[in-house]
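Source file: my_file-v9.pdb; contents: PDB, C-alpha atoms.
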```
ATOM      1  CA  MET A   3      30.114  -9.901  14.780
ATOM      2  CA  LEU A   4      31.526 -12.941  12.982
ATOM      3  CA  ARG A   5      28.767 -15.166  14.306
ATOM      4  CA  GLY A   6      26.080 -12.496  13.887
ATOM      5  CA  HIS A   7      26.821 -11.890  10.222
ATOM      6  CA  PHE A   8      27.037 -15.638   9.612
ATOM      7  CA  ALA A   9      23.613 -16.161  11.197
ATOM      8  CA  LEU A  10      22.087 -13.256   9.254
ATOM      9  CA  GLY A  11      23.664 -14.473   6.021
ATOM     10  CA  ARG A  12      22.368 -17.991   6.422
ATOM     11  CA  ASN A  13      18.902 -16.702   7.306
ATOM     12  CA  ALA A  14      18.799 -14.326   4.324
ATOM     13  CA  PHE A  15      19.857 -17.198   2.061
ATOM     14  CA  ALA A  16      17.083 -19.476   3.313
ATOM     15  CA  HIS A  17      14.517 -16.761   2.599
ATOM     16  CA  GLY A  18      15.862 -16.282  -0.909
ATOM     17  CA  ASP A  19      17.524 -12.887  -0.316
ATOM     18  CA  LEU A  20      20.795 -13.909  -1.918
ATOM     19  CA  VAL A  21      22.327 -10.451  -2.287
ATOM     20  CA  ALA A  22      21.933  -9.777   1.438
ATOM     21  CA  ALA A  23      23.194 -13.280   2.201
ATOM     22  CA  ARG A  24      26.374 -12.668   0.222
ATOM     23  CA  ALA A  25      26.958  -9.304   1.924
ATOM     24  CA  HIS A  26      26.577 -10.752   5.428
ATOM     25  CA  LEU A  27      28.740 -13.789   4.749
ATOM     26  CA  GLU A  28      31.501 -11.674   3.220
ATOM     27  CA  GLN A  29      31.325  -9.321   6.208
ATOM     28  CA  SER A  30      31.575 -12.300   8.538
ATOM     29  CA  LEU A  31      34.835 -13.328   6.851
ATOM     30  CA  GLY A  32      36.299  -9.930   7.749
ATOM     31  CA  PHE A  33      36.207 -10.717  11.476
ATOM     32  CA  ARG A  34      38.360 -12.953  13.628
ATOM     33  CA  GLU A  35      37.594 -14.393  17.050
ATOM     34  CA  ILE A  36      39.895 -12.726  19.643
ATOM     35  CA  PRO A  37      41.205 -14.763  21.308
ATOM     36  CA  PRO A  38      40.840 -17.541  18.727
ATOM     37  CA  LEU A  39      38.101 -20.003  19.606
ATOM     38  CA  PRO A  40      39.213 -23.505  20.516
ATOM     39  CA  ILE A  41      38.327 -26.053  17.872
ATOM     40  CA  PRO A  42      34.998 -27.637  18.852
ATOM     41  CA  THR A  43      35.559 -30.969  20.532
ATOM     42  CA  PHE A  44      32.038 -32.364  20.266
ATOM     43  CA  PRO A  45      30.686 -33.864  17.039
ATOM     44  CA  GLY A  46      28.015 -31.201  16.499
ATOM     45  CA  GLY A  47      30.473 -28.298  16.604
ATOM     46  CA  PHE A  48      31.980 -26.748  13.496
ATOM     47  CA  GLU A  49      34.564 -24.101  12.794
ATOM     48  CA  TYR A  50      32.947 -20.787  11.831
ATOM     49  CA  ARG A  51      35.224 -19.636   9.020
ATOM     50  CA  MET A  52      34.816 -22.988   7.274
ATOM     51  CA  MET A  53      31.021 -22.783   7.643
ATOM     52  CA  THR A  54      30.935 -19.212   6.333
ATOM     53  CA  LEU A  55      33.057 -20.105   3.301
ATOM     54  CA  SER A  56      30.873 -23.150   2.568
ATOM     55  CA  TRP A  57      27.649 -21.139   2.628
ATOM     56  CA  LEU A  58      29.206 -18.269   0.680
ATOM     57  CA  ALA A  59      30.263 -20.712  -2.052
ATOM     58  CA  HIS A  60      26.679 -21.945  -2.284
ATOM     59  CA  VAL A  61      25.322 -18.381  -2.536
ATOM     60  CA  LEU A  62      27.917 -17.413  -5.153
ATOM     61  CA  TRP A  63      26.872 -20.288  -7.391
ATOM     62  CA  GLU A  64      23.254 -19.110  -7.299
ATOM     63  CA  LEU A  65      24.310 -15.541  -8.026
ATOM     64  CA  ARG A  66      26.049 -16.693 -11.260
ATOM     65  CA  ASP A  67      29.658 -16.650  -9.954
ATOM     66  CA  ALA A  68      30.373 -20.355 -10.487
ATOM     67  CA  ASP A  69      34.164 -20.047 -10.554
ATOM     68  CA  GLN A  70      34.321 -17.899  -7.416
ATOM     69  CA  ALA A  71      32.023 -20.437  -5.776
ATOM     70  CA  GLN A  72      34.515 -23.217  -6.517
ATOM     71  CA  GLN A  73      37.354 -21.097  -5.132
ATOM     72  CA  ARG A  74      35.531 -20.315  -1.873
ATOM     73  CA  GLY A  75      34.505 -23.961  -1.542
ATOM     74  CA  GLN A  76      38.137 -25.049  -1.893
ATOM     75  CA  GLU A  77      39.085 -22.529   0.821
ATOM     76  CA  ALA A  78      36.437 -24.052   3.090
ATOM     77  CA  LEU A  79      37.839 -27.543   2.561
ATOM     78  CA  ALA A  80      41.413 -26.362   3.082
ATOM     79  CA  THR A  81      40.425 -24.561   6.302
ATOM     80  CA  ALA A  82      38.780 -27.695   7.675
ATOM     81  CA  GLN A  83      41.697 -29.932   6.655
ATOM     82  CA  ASP A  84      44.266 -27.566   8.208
ATOM     83  CA  LEU A  85      42.371 -27.801  11.491
ATOM     84  CA  GLU A  86      42.381 -31.607  11.296
ATOM     85  CA  HIS A  87      38.820 -31.469  12.618
ATOM     86  CA  PRO A  88      36.782 -34.344  11.081
ATOM     87  CA  PRO A  89      33.280 -32.853  11.658
ATOM     88  CA  SER A  90      34.360 -29.650   9.896
ATOM     89  CA  VAL A  91      35.937 -31.616   7.035
ATOM     90  CA  ALA A  92      32.684 -33.555   6.633
ATOM     91  CA  TYR A  93      30.657 -30.323   6.722
ATOM     92  CA  ALA A  94      32.761 -28.757   3.952
ATOM     93  CA  GLU A  95      32.531 -31.973   1.923
ATOM     94  CA  VAL A  96      28.715 -31.951   2.117
ATOM     95  CA  PHE A  97      28.707 -28.520   0.508
ATOM     96  CA  ALA A  98      31.299 -29.620  -2.063
ATOM     97  CA  ALA A  99      29.055 -32.522  -3.094
ATOM     98  CA  MET A 100      26.027 -30.205  -3.355
ATOM     99  CA  ARG A 101      28.069 -27.758  -5.420
ATOM    100  CA  ALA A 102      29.035 -30.546  -7.811
ATOM    101  CA  GLN A 103      25.355 -31.408  -8.151
ATOM    102  CA  LEU A 104      24.468 -27.763  -8.802
ATOM    103  CA  ARG A 105      27.093 -27.720 -11.559
ATOM    104  CA  ARG A 106      25.456 -30.847 -13.043
ATOM    105  CA  ASP A 107      28.675 -32.800 -12.552
ATOM    106  CA  ALA A 108      27.132 -36.192 -11.774
ATOM    107  CA  ALA A 109      30.416 -38.129 -11.571
ATOM    108  CA  SER A 110      31.924 -35.713  -9.065
ATOM    109  CA  THR A 111      28.695 -35.607  -7.047
ATOM    110  CA  TYR A 112      28.634 -39.388  -6.631
ATOM    111  CA  ALA A 113      32.381 -39.574  -5.944
ATOM    112  CA  ARG A 114      32.191 -36.876  -3.269
ATOM    113  CA  ALA A 115      29.063 -38.333  -1.657
ATOM    114  CA  ASP A 116      30.595 -41.841  -1.552
ATOM    115  CA  ALA A 117      33.874 -40.486  -0.123
ATOM    116  CA  LEU A 118      31.979 -38.441   2.465
ATOM    117  CA  MET A 119      29.950 -41.439   3.647
ATOM    118  CA  ALA A 120      33.118 -43.551   3.916
ATOM    119  CA  PHE A 121      34.921 -40.783   5.821
ATOM    120  CA  ALA A 122      31.947 -40.207   8.143
ATOM    121  CA  THR A 123      31.643 -43.931   8.855
ATOM    122  CA  ALA A 124      35.361 -44.195   9.644
ATOM    123  CA  GLN A 125      35.201 -41.153  11.951
ATOM    124  CA  GLY A 126      32.021 -42.257  13.716
ATOM    125  CA  LEU A 127      30.047 -39.272  12.391
ATOM    126  CA  THR A 128      26.778 -41.201  12.314
ATOM    127  CA  TYR A 129      24.605 -38.411  10.911
ATOM    128  CA  ARG A 130      26.876 -37.811   7.898
ATOM    129  CA  ALA A 131      27.278 -41.545   7.280
ATOM    130  CA  GLU A 132      23.565 -42.035   6.508
TER     131      GLU A 132
ATOM    132  CA  MET B  29      18.619 -40.666 -22.921
ATOM    133  CA  GLY B  30      19.100 -44.367 -23.586
ATOM    134  CA  ALA B  31      17.533 -47.278 -21.768
ATOM    135  CA  GLY B  32      20.794 -47.869 -19.888
ATOM    136  CA  ASP B  33      20.772 -44.319 -18.554
ATOM    137  CA  ALA B  34      17.151 -44.665 -17.492
ATOM    138  CA  GLY B  35      17.886 -47.882 -15.640
ATOM    139  CA  ARG B  36      20.895 -46.372 -13.896
ATOM    140  CA  ARG B  37      18.896 -43.339 -12.779
ATOM    141  CA  LEU B  38      16.063 -45.576 -11.590
ATOM    142  CA  ARG B  39      18.482 -47.539  -9.424
ATOM    143  CA  ARG B  40      19.852 -44.314  -8.002
ATOM    144  CA  ARG B  41      16.455 -43.176  -6.798
ATOM    145  CA  GLY B  42      17.005 -45.529  -3.867
ATOM    146  CA  PRO B  43      19.924 -43.635  -2.284
ATOM    147  CA  VAL B  44      18.209 -40.267  -2.839
ATOM    148  CA  ARG B  45      15.069 -41.518  -1.102
ATOM    149  CA  GLN B  46      17.058 -43.119   1.724
ATOM    150  CA  GLY B  47      19.010 -39.934   2.290
ATOM    151  CA  ARG B  48      15.866 -37.867   2.464
ATOM    152  CA  GLU B  49      14.196 -40.277   4.864
ATOM    153  CA  ALA B  50      17.300 -40.163   7.074
ATOM    154  CA  THR B  51      17.142 -36.367   7.288
ATOM    155  CA  GLU B  52      13.363 -36.487   7.849
ATOM    156  CA  ASP B  53      13.961 -38.671  10.907
ATOM    157  CA  THR B  54      16.022 -35.849  12.433
ATOM    158  CA  GLY B  55      13.196 -33.336  11.965
ATOM    159  CA  LEU B  56      15.414 -31.296   9.635
ATOM    160  CA  LYS B  57      13.399 -29.044   7.310
ATOM    161  CA  LEU B  58      16.177 -26.886   5.847
ATOM    162  CA  PHE B  59      17.181 -28.003   2.344
ATOM    163  CA  GLN B  60      14.189 -30.367   2.036
ATOM    164  CA  PRO B  61      12.843 -28.601  -1.111
ATOM    165  CA  TYR B  62      16.300 -29.106  -2.665
ATOM    166  CA  PHE B  63      16.427 -32.785  -1.666
ATOM    167  CA  LEU B  64      12.884 -33.339  -2.950
ATOM    168  CA  SER B  65      13.904 -31.750  -6.249
ATOM    169  CA  ALA B  66      16.814 -34.193  -6.517
ATOM    170  CA  LEU B  67      14.363 -37.037  -5.943
ATOM    171  CA  ALA B  68      12.019 -35.552  -8.553
ATOM    172  CA  GLU B  69      14.840 -35.256 -11.095
ATOM    173  CA  ALA B  70      15.794 -38.895 -10.567
ATOM    174  CA  CYS B  71      12.152 -39.981 -10.935
ATOM    175  CA  GLY B  72      11.583 -37.882 -14.035
ATOM    176  CA  GLN B  73      14.769 -38.974 -15.768
ATOM    177  CA  ALA B  74      13.927 -42.598 -15.016
ATOM    178  CA  GLY B  75      10.644 -42.168 -16.891
ATOM    179  CA  HIS B  76       8.357 -41.566 -13.918
ATOM    180  CA  PRO B  77       7.323 -37.909 -14.242
ATOM    181  CA  GLU B  78       4.176 -38.422 -12.127
ATOM    182  CA  ALA B  79       6.299 -39.506  -9.154
ATOM    183  CA  GLY B  80       8.544 -36.513  -9.795
ATOM    184  CA  LEU B  81       5.573 -34.160  -9.765
ATOM    185  CA  THR B  82       4.387 -35.653  -6.460
ATOM    186  CA  ALA B  83       7.784 -34.919  -4.882
ATOM    187  CA  LEU B  84       7.738 -31.401  -6.315
ATOM    188  CA  ALA B  85       4.245 -30.753  -4.935
ATOM    189  CA  GLU B  86       5.607 -31.669  -1.496
ATOM    190  CA  ALA B  87       8.541 -29.318  -2.081
ATOM    191  CA  SER B  88       6.144 -26.473  -2.948
ATOM    192  CA  THR B  89       4.130 -27.123   0.178
ATOM    193  CA  LEU B  90       7.312 -26.981   2.281
ATOM    194  CA  VAL B  91       8.429 -23.732   0.634
ATOM    195  CA  ALA B  92       5.082 -22.153   1.524
ATOM    196  CA  ALA B  93       5.103 -23.534   5.065
ATOM    197  CA  THR B  94       8.710 -22.708   5.982
ATOM    198  CA  GLY B  95       9.520 -19.675   3.808
ATOM    199  CA  GLU B  96      12.677 -21.396   2.533
ATOM    200  CA  ARG B  97      12.767 -19.761  -0.893
ATOM    201  CA  TRP B  98      16.333 -20.059  -2.224
ATOM    202  CA  TRP B  99      15.409 -23.070  -4.433
ATOM    203  CA  GLU B 100      11.809 -22.056  -5.167
ATOM    204  CA  ALA B 101      12.444 -21.054  -8.786
ATOM    205  CA  GLU B 102      13.985 -24.441  -9.572
ATOM    206  CA  VAL B 103      11.018 -26.269  -8.011
ATOM    207  CA  SER B 104       8.717 -24.379 -10.405
ATOM    208  CA  ARG B 105      10.955 -25.049 -13.403
ATOM    209  CA  LEU B 106      11.081 -28.777 -12.702
ATOM    210  CA  GLN B 107       7.291 -28.859 -12.338
ATOM    211  CA  GLY B 108       7.136 -27.515 -15.876
ATOM    212  CA  ALA B 109       9.776 -29.905 -17.182
ATOM    213  CA  TRP B 110       8.025 -33.006 -15.853
ATOM    214  CA  ARG B 111       4.624 -31.813 -17.116
ATOM    215  CA  LEU B 112       6.151 -31.947 -20.578
ATOM    216  CA  GLN B 113       7.195 -35.566 -19.936
ATOM    217  CA  LEU B 114       3.702 -36.790 -18.993
ATOM    218  CA  PRO B 115       2.065 -39.340 -21.358
ATOM    219  CA  VAL B 116      -0.166 -36.448 -22.429
ATOM    220  CA  PRO B 117       2.101 -33.409 -22.106
ATOM    221  CA  ASP B 118       0.500 -30.388 -20.433
ATOM    222  CA  ILE B 119       2.198 -27.716 -22.507
ATOM    223  CA  GLN B 120       0.133 -24.794 -21.237
ATOM    224  CA  GLN B 121       0.808 -25.611 -17.587
ATOM    225  CA  ALA B 122       4.470 -26.297 -18.329
ATOM    226  CA  GLU B 123       4.901 -22.878 -19.899
ATOM    227  CA  ALA B 124       3.153 -21.281 -16.905
ATOM    228  CA  CYS B 125       5.597 -23.069 -14.564
ATOM    229  CA  PHE B 126       8.601 -21.856 -16.583
ATOM    230  CA  GLN B 127       7.224 -18.302 -16.533
ATOM    231  CA  GLN B 128       6.721 -18.526 -12.771
ATOM    232  CA  ALA B 129      10.270 -19.820 -12.342
ATOM    233  CA  LEU B 130      11.551 -16.852 -14.338
ATOM    234  CA  THR B 131       9.540 -14.384 -12.266
ATOM    235  CA  LEU B 132      10.757 -15.907  -9.007
ATOM    236  CA  ALA B 133      14.375 -15.952 -10.150
ATOM    237  CA  ARG B 134      14.217 -12.341 -11.285
ATOM    238  CA  GLY B 135      12.794 -11.297  -7.926
ATOM    239  CA  GLN B 136      15.403 -13.137  -5.869
ATOM    240  CA  GLN B 137      18.322 -12.634  -8.271
ATOM    241  CA  PRO B 138      19.692 -16.191  -8.462
ATOM    242  CA  LYS B 139      21.022 -15.763 -11.996
ATOM    243  CA  SER B 140      21.953 -19.445 -12.207
ATOM    244  CA  LEU B 141      18.311 -20.434 -11.671
ATOM    245  CA  GLU B 142      17.091 -17.679 -14.009
ATOM    246  CA  LEU B 143      19.336 -19.178 -16.690
ATOM    247  CA  ARG B 144      17.813 -22.636 -16.183
ATOM    248  CA  ALA B 145      14.267 -21.224 -16.333
ATOM    249  CA  ALA B 146      15.122 -19.238 -19.465
ATOM    250  CA  LEU B 147      16.692 -22.319 -21.052
ATOM    251  CA  SER B 148      13.575 -24.427 -20.439
ATOM    252  CA  LEU B 149      11.250 -21.752 -21.816
ATOM    253  CA  THR B 150      13.526 -21.077 -24.779
ATOM    254  CA  GLN B 151      13.562 -24.763 -25.711
ATOM    255  CA  LEU B 152       9.764 -24.894 -25.524
ATOM    256  CA  TRP B 153       9.396 -21.790 -27.677
ATOM    257  CA  GLN B 154      11.942 -23.127 -30.154
ATOM    258  CA  GLN B 155       9.822 -26.278 -30.564
ATOM    259  CA  GLN B 156       6.784 -24.044 -31.134
ATOM    260  CA  GLY B 157       8.602 -22.060 -33.826
ATOM    261  CA  LYS B 158       8.817 -18.894 -31.707
ATOM    262  CA  TRP B 159      12.471 -18.375 -32.514
ATOM    263  CA  ASP B 160      12.550 -14.583 -32.150
ATOM    264  CA  GLU B 161      10.911 -14.637 -28.698
ATOM    265  CA  ALA B 162      13.219 -17.469 -27.643
ATOM    266  CA  ARG B 163      16.338 -15.608 -28.734
ATOM    267  CA  GLU B 164      15.187 -12.359 -27.095
ATOM    268  CA  LEU B 165      14.602 -14.191 -23.817
ATOM    269  CA  LEU B 166      17.854 -16.118 -23.619
ATOM    270  CA  THR B 167      20.334 -13.586 -25.044
ATOM    271  CA  PRO B 168      20.318 -11.077 -22.137
ATOM    272  CA  VAL B 169      20.305 -13.803 -19.487
ATOM    273  CA  TYR B 170      23.349 -15.448 -21.075
ATOM    274  CA  GLY B 171      24.963 -12.023 -21.301
ATOM    275  CA  TRP B 172      24.776 -11.612 -17.530
ATOM    276  CA  PHE B 173      27.428 -14.250 -16.991
ATOM    277  CA  THR B 174      31.098 -13.411 -16.792
ATOM    278  CA  GLU B 175      32.408 -16.790 -15.573
ATOM    279  CA  GLY B 176      31.455 -20.447 -15.319
ATOM    280  CA  PHE B 177      31.381 -20.963 -19.090
ATOM    281  CA  ALA B 178      32.556 -24.553 -18.697
ATOM    282  CA  THR B 179      29.372 -25.487 -16.817
ATOM    283  CA  PRO B 180      26.750 -27.510 -18.729
ATOM    284  CA  ASP B 181      24.010 -24.875 -18.271
ATOM    285  CA  LEU B 182      26.056 -22.151 -19.966
ATOM    286  CA  GLN B 183      27.345 -24.491 -22.664
ATOM    287  CA  GLU B 184      23.764 -25.524 -23.397
ATOM    288  CA  ALA B 185      22.696 -21.870 -23.551
ATOM    289  CA  LYS B 186      25.520 -21.031 -25.960
ATOM    290  CA  ALA B 187      24.630 -23.946 -28.226
ATOM    291  CA  LEU B 188      20.946 -23.025 -28.168
ATOM    292  CA  LEU B 189      21.662 -19.408 -29.055
ATOM    293  CA  GLY B 190      23.743 -20.697 -31.968
ATOM    294  CA  GLU B 191      20.743 -22.674 -33.231
ATOM    295  CA  LEU B 192      18.446 -19.667 -32.890
ATOM    296  CA  ARG B 193      20.605 -17.295 -34.977
TER     297      ARG B 193
END
```

Let me see whether you can do it: turn the structure in this file into C-alpha cells.
Amino acid sequence: MLRGHFALGRNAFAHGDLVAARAHLEQSLGFREIPPLPIPTFPGGFEYRMMTLSWLAHVLWELRDADQAQQRGQEALATAQDLEHPPSVAYAEVFAAMRAQLRRDAASTYARADALMAFATAQGLTYRAE
Amino acid sequence: MGAGDAGRRLRRRGPVRQGREATEDTGLKLFQPYFLSALAEACGQAGHPEAGLTALAEASTLVAATGERWWEAEVSRLQGAWRLQLPVPDIQQAEACFQQALTLARGQQPKSLELRAALSLTQLWQQQGKWDEARELLTPVYGWFTEGFATPDLQEAKALLGELR
C-alpha cells in the first residue's frame, strides 16, 4: 500500500492532478513496511518515506501551502540523515534545492545545489554530481 | 535589473545548460519542462528573450508529448513574460499566454502558479490603465493563501494590491 500510493501520487503529480497527488502521498505516509525494509544498499535505491515526504513537499508548494511544504521537506531530509544513507540524503537535497528555486530564493538554491554536488562527488554518486 | 545582474545571470546559464544536457544523456524526460523553464528564465533575465522562448517552445512540445502537466501553467506564463521583453514586444500574444496560464492553473489547482499568472496579467493591465480589472483579478487569488506570506510572490502581490487601491 505504501509503495502503491507513492506510485499513484507521483503519477498524478506528473499529470497535473495535484489534489489526487497530495491525497495519495499523504495516504502513503500512513503505512509502514512490516517488517521494516532494509535500507537499500545499491546507489539507485532510496528510502520510501523520505521519497514520499520529498514529493509531498513539492506538491504542497504548488497547492499554495508553502510553509507546510518546507516542514515536510525538512522531515524528508531528517529521515534521510537519520538513516545515514547517502543516496537518500542526496535525493532529499535535490528536492530541497528545487523548493528553494520555487520560492525564488536564489542564494539558497545555489548554496544547496553546490553543497549537493560536493556531497555527491565525495560519496561517488556520479549522477547527482553532474 | 542592473548590468551586473544581467552579466551574472548570463554566466549562470552555463551550469543550467550543462545540468540539462547531463540529464538528457540519461534519457530522463521527467522534470524536463521545469529544467527548460529554468534555462529560459536565465536567458530572459540575461537579455536574451528569443533564446528563452526557444527553450519554452521545447518545453511545450515535451508537455504535449509526455503529458507531464504539473509545470504547464508556468511554461505558458513565461512565454508571455519573454514576449514582453522582445525588441518589439508582442503584447497581444503575451496577454493570451497569461490568460492561458491562468486557465491551466485554475483547472489543475496549483494556486502558487495561478498567483504567478495573475501577477503577470495584473502588472500588464496596470500598465494599460486597467486598474479595476487588475484589482478584481488579483484580490481573490491573493485571498486564497493562508501561509507563505514571506515568499517573494506573495509579497509582490501584496505590494501590487496596495498600488491598485

- What does the distance between CA of Pro117 (chain B) and CA of Thr167 (chain B) come to in Å, to one decimal place? 27.1 Å

Please report, as a Markdown table, each residue of chain A lying at most 6 Å from chain B, together with the nearest pair of atoms and the separation in Å rounded to one decimal; use all atoms listed in the file, and order rows by chain and ascending residue number.
```
| residue | atom | partner | partner_atom | distance |
| --- | --- | --- | --- | --- |
| A:Ala16 | CA | B:Glu96 | CA | 4.9 |
| A:His17 | CA | B:Arg97 | CA | 4.9 |
| A:Gly18 | CA | B:Trp98 | CA | 4.0 |
| A:Asp19 | CA | B:Gln136 | CA | 5.9 |
| A:Glu64 | CA | B:Pro138 | CA | 4.7 |
| A:Leu65 | CA | B:Pro138 | CA | 4.7 |
| A:Arg66 | CA | B:Ser140 | CA | 5.0 |
| A:Ala68 | CA | B:Gly176 | CA | 5.0 |
| A:Asp69 | CA | B:Gly176 | CA | 5.5 |
```

Restricting the output to C-alpha atoms, write the selected residues as a PDB file, in the coordinates of the input.
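Output file result_11.pdb is given in full below:
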```
ATOM      1  CA  ALA A  16      17.083 -19.476   3.313  1.00  0.00           C
ATOM      2  CA  HIS A  17      14.517 -16.761   2.599  1.00  0.00           C
ATOM      3  CA  GLY A  18      15.862 -16.282  -0.909  1.00  0.00           C
ATOM      4  CA  ASP A  19      17.524 -12.887  -0.316  1.00  0.00           C
ATOM      5  CA  GLU A  64      23.254 -19.110  -7.299  1.00  0.00           C
ATOM      6  CA  LEU A  65      24.310 -15.541  -8.026  1.00  0.00           C
ATOM      7  CA  ARG A  66      26.049 -16.693 -11.260  1.00  0.00           C
ATOM      8  CA  ALA A  68      30.373 -20.355 -10.487  1.00  0.00           C
ATOM      9  CA  ASP A  69      34.164 -20.047 -10.554  1.00  0.00           C
TER      10      ASP A  69
END
```

- Item | CA of Val21 (chain A) to CA of Phe48 (chain A), straight-line distance in Å |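 Those two atoms sit 24.7 Å apart.
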
- Item | Output check: residues returned by the PyMOL selection byres ((chain A and resi 117) around 12), as a PyMOL selection string | chain A and resi 91-92+95-96+98-99+110-116+118-124+130-131

- Query: Counting all atoms listed in the file, what is within 9 Å of Leu84 (chain B), bar same-chain residues fewer than 2 positions away, as a ChimeraX atom specification?
  - Reply: /B:61,64-65,67-68,79-82,86-89,103-104,106-107

Convert the current residue selection to file output with C-alpha atoms, as a PDB file, in the frame of the given file.
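As a result, part_14.pdb now contains:
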```
ATOM      1  CA  PRO B  61      12.843 -28.601  -1.111  1.00  0.00           C
ATOM      2  CA  LEU B  64      12.884 -33.339  -2.950  1.00  0.00           C
ATOM      3  CA  SER B  65      13.904 -31.750  -6.249  1.00  0.00           C
ATOM      4  CA  LEU B  67      14.363 -37.037  -5.943  1.00  0.00           C
ATOM      5  CA  ALA B  68      12.019 -35.552  -8.553  1.00  0.00           C
ATOM      6  CA  ALA B  79       6.299 -39.506  -9.154  1.00  0.00           C
ATOM      7  CA  GLY B  80       8.544 -36.513  -9.795  1.00  0.00           C
ATOM      8  CA  LEU B  81       5.573 -34.160  -9.765  1.00  0.00           C
ATOM      9  CA  THR B  82       4.387 -35.653  -6.460  1.00  0.00           C
ATOM     10  CA  GLU B  86       5.607 -31.669  -1.496  1.00  0.00           C
ATOM     11  CA  ALA B  87       8.541 -29.318  -2.081  1.00  0.00           C
ATOM     12  CA  SER B  88       6.144 -26.473  -2.948  1.00  0.00           C
ATOM     13  CA  THR B  89       4.130 -27.123   0.178  1.00  0.00           C
ATOM     14  CA  VAL B 103      11.018 -26.269  -8.011  1.00  0.00           C
ATOM     15  CA  SER B 104       8.717 -24.379 -10.405  1.00  0.00           C
ATOM     16  CA  LEU B 106      11.081 -28.777 -12.702  1.00  0.00           C
ATOM     17  CA  GLN B 107       7.291 -28.859 -12.338  1.00  0.00           C
TER      18      GLN B 107
END
```

- Message: Using Å and a single decimal, report how far CA of Phe15 (chain A) sits from CA of Lys186 (chain B).
- Response: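 Computing it gives 28.8 Å between the two atoms.
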
Centre, edges in Å (one decimal): axis-aligned box, region 80-95 of chain B, 3 Å padding on all six sides, as lines of an AutoDock Vina configuration file:
```
center_x = 6.8
center_y = -28.1
center_z = -1.9
size_x = 11.4
size_y = 22.8
size_z = 21.8
```

- Message: Report as a list in words all protein, DNA and RNA residues lying within 8 Å of Glu77 (chain A), evaluated on only C-alpha atoms, omitting residues in the same chain fewer than 3 positions from it.
- Response: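 Once the adjacent positions are removed, what remains is Met52, Leu55, Gln73, Arg74, Ala80 and Thr81 of chain A.
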
- Message: Using the chain letters and numbers from this file, what does the PyMOL selection byres ((chain A and resi 85) around 12) select? Give the answer as a ChimeraX atom specification.
- Response: /A:40-43,48-52,78-84,86-91

Residues from last step as file, C-alpha atoms, as an mmCIF file, in the coordinates of the input:
```
data_model
loop_
_atom_site.group_PDB
_atom_site.id
_atom_site.type_symbol
_atom_site.label_atom_id
_atom_site.label_comp_id
_atom_site.auth_asym_id
_atom_site.auth_seq_id
_atom_site.Cartn_x
_atom_site.Cartn_y
_atom_site.Cartn_z
ATOM 1 C CA PRO A 40 39.213 -23.505 20.516
ATOM 2 C CA ILE A 41 38.327 -26.053 17.872
ATOM 3 C CA PRO A 42 34.998 -27.637 18.852
ATOM 4 C CA THR A 43 35.559 -30.969 20.532
ATOM 5 C CA PHE A 48 31.980 -26.748 13.496
ATOM 6 C CA GLU A 49 34.564 -24.101 12.794
ATOM 7 C CA TYR A 50 32.947 -20.787 11.831
ATOM 8 C CA ARG A 51 35.224 -19.636 9.020
ATOM 9 C CA MET A 52 34.816 -22.988 7.274
ATOM 10 C CA ALA A 78 36.437 -24.052 3.090
ATOM 11 C CA LEU A 79 37.839 -27.543 2.561
ATOM 12 C CA ALA A 80 41.413 -26.362 3.082
ATOM 13 C CA THR A 81 40.425 -24.561 6.302
ATOM 14 C CA ALA A 82 38.780 -27.695 7.675
ATOM 15 C CA GLN A 83 41.697 -29.932 6.655
ATOM 16 C CA ASP A 84 44.266 -27.566 8.208
ATOM 17 C CA GLU A 86 42.381 -31.607 11.296
ATOM 18 C CA HIS A 87 38.820 -31.469 12.618
ATOM 19 C CA PRO A 88 36.782 -34.344 11.081
ATOM 20 C CA PRO A 89 33.280 -32.853 11.658
ATOM 21 C CA SER A 90 34.360 -29.650 9.896
ATOM 22 C CA VAL A 91 35.937 -31.616 7.035
#
```

- Task: May I have the residues within 8 Å of Gln127 (chain B) as a PyMOL selection string, using only C-alpha atoms and disregarding those fewer than 4 positions away in the same chain?
- Result: chain B and resi 123+131+145+149

- Query: Just so the selection is clear, what residues does the PyMOL selection byres ((chain B and resi 77) around 8) cover here, as number ranges by chain?
  - Reply: B: 68, 71-73, 75-76, 78-81, 110-111, 113-114

- Message: Set the distance at 9 Å and use only C-alpha atoms: which residues neighbour Leu58 (chain A) once local chain neighbours fewer than 6 positions away are removed? I'd like the list as a PyMOL selection string.
- Response: chain A and resi 11-12+23-24+27-28+71+74-75
